[in-house]
Structures are given as structure tokens and as C-alpha cells.
Amino acid sequence: MLPEIKDILFATDLSGNADNALRHALGLAKSQGAKVHVLHVTEPLSQDAIITLKMFLQDEASRQAAIKDRHNSVKEMLKENQQSFVAALDDEDKSAYEMVASVELIDGHDAETILKRAAELNCGLIVMGTHEQGTGHTYIGTVVKRVLRRSTIPTLVVPNT
């Protein structure tokens, strides 16, 4: 029996190649009748960043507000990224974006969060883009490598073009 893909997790780092990878995810979703779940993960603040916040923001409420503002700022970047992506599509391709069932921002460790969310959504495929190309080599980012090593479902890595 051939595998059916009903849900695709598209993990974005908001880079230029992520748009290219999203086009591939949408194309696959359209051909399979699948839903696409867009996910961006923000890494937790490092200990150095937390110490710096404590040095400059003595008040706990102010620190928590700064952390919330950081999350909201990235959430807005994700929203703007998706709006720009749709605006750049040809009119005939805009309907493919209807395959997007959710757009999420989750705070956590990248690879672990991607794999966990793919499992929670019962995704049959993860789609991610690579980083820029160098002299004859495609640089696969650390997050992509970690996902590839640990994923139990097919993972499509779209090279930068």
C-alpha cells in the first residue's frame, strides 16, 4: 500500500530559501490533498541573555514583559513573512496557500520542537530548506541535520536555489 500524506509540517527559519521550501510543501500538499502546518521555532534565551536582562532590567515584571515582547515581535515577523510569501505568488498559485491549516510560533529547541510537533499533528512529511550554497556544496544547517538524524518520518530537504 502506498503511503498517504494527509499532513505536512513545514519548518521555517524565515530565510529566503524557506519560501522556496514552502512552495515545494504546497505543491506536494496540493497533489496529495494534504494540509500544511507552518512552524517557526524560537530558541529559549541563553543564560547570558537572561543575565544581561537581569543587569539592565532590575524589575521582574519588566523582564517578563521584555521576553513577551520578544515573542510577539517574532510572531509579527512570521505573520509578515507569510503575507509577503502569498503576495509574491502568481494568481494561479495563490489558491495553493489554502492548503495551509495552521501557522505557529513555538518557543523551544528547534529540532526537538519540530519533531514533537510533527508527531502531535500526525504528519506524514516534514519539509525544510537548507542554508545558502557554497563552492559546490550545500550547507545543511545544524537544525536540519538534527531533524534528519532523529526523524522517524520522511523529511524533504529543499536546497537553496
# chains A, B, ... in the order shown; residues from 1 in each chain; ligands from 1
call {"tool": "select_by_dssp", "arguments": {"residues": "chain A", "states": "helix (DSSP H, G or I)", "output": "ChimeraX atom specification"}}
result
/A:16-32,47-56,60-88,91-99,110-120,142-150
call {"tool": "residues_around", "arguments": {"residues": "Asn81 in chain A", "least_positions_apart": "4", "cutoff": "12 Å", "atoms": "only C-alpha atoms", "output": "PyMOL selection string"}}
result
chain A and resi 12-16+18-19+22+38+40+74-77+85-88+103
call {"tool": "write_last_selection", "arguments": {"atoms": "N, CA and C atoms", "output": "PDB file, in the first residue's frame"}}
result
ATOM      1  N   THR A  12      10.052  26.565   9.156  1.00  0.00           N
ATOM      2  CA  THR A  12      10.686  27.721   8.532  1.00  0.00           C
ATOM      3  C   THR A  12      11.634  28.432   9.480  1.00  0.00           C
ATOM      4  N   ASP A  13      12.732  28.915   8.916  1.00  0.00           N
ATOM      5  CA  ASP A  13      13.642  29.772   9.681  1.00  0.00           C
ATOM      6  C   ASP A  13      13.503  31.218   9.213  1.00  0.00           C
ATOM      7  N   LEU A  14      12.491  31.481   8.397  1.00  0.00           N
ATOM      8  CA  LEU A  14      12.160  32.809   7.853  1.00  0.00           C
ATOM      9  C   LEU A  14      13.209  33.315   6.865  1.00  0.00           C
ATOM     10  N   SER A  15      14.045  32.446   6.347  1.00  0.00           N
ATOM     11  CA  SER A  15      15.058  32.854   5.370  1.00  0.00           C
ATOM     12  C   SER A  15      14.454  32.851   3.966  1.00  0.00           C
ATOM     13  N   GLY A  16      15.218  33.343   3.019  1.00  0.00           N
ATOM     14  CA  GLY A  16      14.771  33.367   1.630  1.00  0.00           C
ATOM     15  C   GLY A  16      14.514  31.973   1.086  1.00  0.00           C
ATOM     16  N   ALA A  18      13.519  29.466   2.714  1.00  0.00           N
ATOM     17  CA  ALA A  18      12.332  28.893   3.343  1.00  0.00           C
ATOM     18  C   ALA A  18      11.123  29.086   2.429  1.00  0.00           C
ATOM     19  N   ASP A  19      11.047  30.214   1.738  1.00  0.00           N
ATOM     20  CA  ASP A  19       9.950  30.437   0.798  1.00  0.00           C
ATOM     21  C   ASP A  19       9.990  29.393  -0.318  1.00  0.00           C
ATOM     22  N   LEU A  22       8.703  26.217   1.087  1.00  0.00           N
ATOM     23  CA  LEU A  22       7.251  26.279   1.265  1.00  0.00           C
ATOM     24  C   LEU A  22       6.532  26.036  -0.057  1.00  0.00           C
ATOM     25  N   VAL A  38       2.571  25.299   9.102  1.00  0.00           N
ATOM     26  CA  VAL A  38       3.777  26.125   9.094  1.00  0.00           C
ATOM     27  C   VAL A  38       4.220  26.317  10.544  1.00  0.00           C
ATOM     28  N   HIS A  40       7.447  27.906  13.042  1.00  0.00           N
ATOM     29  CA  HIS A  40       8.719  28.579  13.310  1.00  0.00           C
ATOM     30  C   HIS A  40       9.002  28.403  14.793  1.00  0.00           C
ATOM     31  N   VAL A  74       8.695  38.292  17.116  1.00  0.00           N
ATOM     32  CA  VAL A  74       8.949  37.185  16.189  1.00  0.00           C
ATOM     33  C   VAL A  74       7.634  36.708  15.575  1.00  0.00           C
ATOM     34  N   LYS A  75       6.580  36.703  16.353  1.00  0.00           N
ATOM     35  CA  LYS A  75       5.256  36.312  15.841  1.00  0.00           C
ATOM     36  C   LYS A  75       4.828  37.250  14.710  1.00  0.00           C
ATOM     37  N   GLU A  76       5.081  38.535  14.887  1.00  0.00           N
ATOM     38  CA  GLU A  76       4.754  39.516  13.849  1.00  0.00           C
ATOM     39  C   GLU A  76       5.623  39.295  12.603  1.00  0.00           C
ATOM     40  N   MET A  77       6.904  38.967  12.811  1.00  0.00           N
ATOM     41  CA  MET A  77       7.792  38.672  11.677  1.00  0.00           C
ATOM     42  C   MET A  77       7.276  37.466  10.891  1.00  0.00           C
ATOM     43  N   PHE A  85       4.974  36.118   1.356  1.00  0.00           N
ATOM     44  CA  PHE A  85       5.031  34.908   0.542  1.00  0.00           C
ATOM     45  C   PHE A  85       3.804  34.816  -0.361  1.00  0.00           C
ATOM     46  N   VAL A  86       2.634  34.988   0.216  1.00  0.00           N
ATOM     47  CA  VAL A  86       1.390  34.899  -0.554  1.00  0.00           C
ATOM     48  C   VAL A  86       1.333  36.007  -1.600  1.00  0.00           C
ATOM     49  N   ALA A  87       1.741  37.205  -1.236  1.00  0.00           N
ATOM     50  CA  ALA A  87       1.712  38.337  -2.177  1.00  0.00           C
ATOM     51  C   ALA A  87       2.621  38.093  -3.374  1.00  0.00           C
ATOM     52  N   ALA A  88       3.712  37.357  -3.177  1.00  0.00           N
ATOM     53  CA  ALA A  88       4.669  37.103  -4.259  1.00  0.00           C
ATOM     54  C   ALA A  88       4.240  35.961  -5.181  1.00  0.00           C
ATOM     55  N   VAL A 103      -0.451  28.226  11.198  1.00  0.00           N
ATOM     56  CA  VAL A 103       0.841  28.913  11.244  1.00  0.00           C
ATOM     57  C   VAL A 103       1.130  29.132  12.723  1.00  0.00           C
TER      58      VAL A 103
END
call {"tool": "residues_around", "arguments": {"residues": "range 107-123 of chain A", "least_positions_apart": "2", "cutoff": "6 Å", "atoms": "only C-alpha atoms", "output": "PyMOL selection string"}}
result
chain A and resi 7-9+41-44+125+143+146-147
call {"tool": "write_last_selection", "arguments": {"atoms": "N, CA and C atoms", "output": "mmCIF file, in the first residue's frame"}}
result
data_model
loop_
_atom_site.group_PDB
_atom_site.id
_atom_site.type_symbol
_atom_site.label_atom_id
_atom_site.label_comp_id
_atom_site.auth_asym_id
_atom_site.auth_seq_id
_atom_site.Cartn_x
_atom_site.Cartn_y
_atom_site.Cartn_z
ATOM 1 N N ASP A 7 -0.969 15.265 6.256
ATOM 2 C CA ASP A 7 -0.480 16.463 6.930
ATOM 3 C C ASP A 7 1.015 16.590 6.698
ATOM 4 N N ILE A 8 1.438 17.818 6.393
ATOM 5 C CA ILE A 8 2.850 18.131 6.151
ATOM 6 C C ILE A 8 3.251 19.224 7.127
ATOM 7 N N LEU A 9 4.352 18.998 7.827
ATOM 8 C CA LEU A 9 4.894 20.048 8.693
ATOM 9 C C LEU A 9 5.982 20.771 7.913
ATOM 10 N N VAL A 41 10.231 28.019 15.102
ATOM 11 C CA VAL A 41 10.622 27.787 16.490
ATOM 12 C C VAL A 41 11.629 28.851 16.898
ATOM 13 N N THR A 42 11.392 29.461 18.063
ATOM 14 C CA THR A 42 12.372 30.396 18.614
ATOM 15 C C THR A 42 13.076 29.708 19.774
ATOM 16 N N GLU A 43 14.385 29.812 19.755
ATOM 17 C CA GLU A 43 15.201 29.220 20.819
ATOM 18 C C GLU A 43 14.965 29.974 22.127
ATOM 19 N N PRO A 44 14.992 29.264 23.249
ATOM 20 C CA PRO A 44 14.890 29.953 24.540
ATOM 21 C C PRO A 44 16.091 30.874 24.730
ATOM 22 N N LEU A 125 5.057 13.928 6.564
ATOM 23 C CA LEU A 125 6.225 14.508 5.914
ATOM 24 C C LEU A 125 6.626 15.793 6.620
ATOM 25 N N VAL A 143 20.109 22.502 12.481
ATOM 26 C CA VAL A 143 18.750 22.065 12.805
ATOM 27 C C VAL A 143 18.305 20.982 11.829
ATOM 28 N N ARG A 146 19.986 17.707 12.621
ATOM 29 C CA ARG A 146 19.414 17.066 13.816
ATOM 30 C C ARG A 146 18.065 16.422 13.515
ATOM 31 N N VAL A 147 17.249 17.115 12.731
ATOM 32 C CA VAL A 147 15.943 16.562 12.369
ATOM 33 C C VAL A 147 16.135 15.304 11.517
#
call {"tool": "closest_residue", "arguments": {"among": "A:Ile5, A:Lys68, A:Asn160, A:Ile50", "to": "Ala21 in chain A", "atoms": "only C-alpha atoms"}}
result
A:Asn160
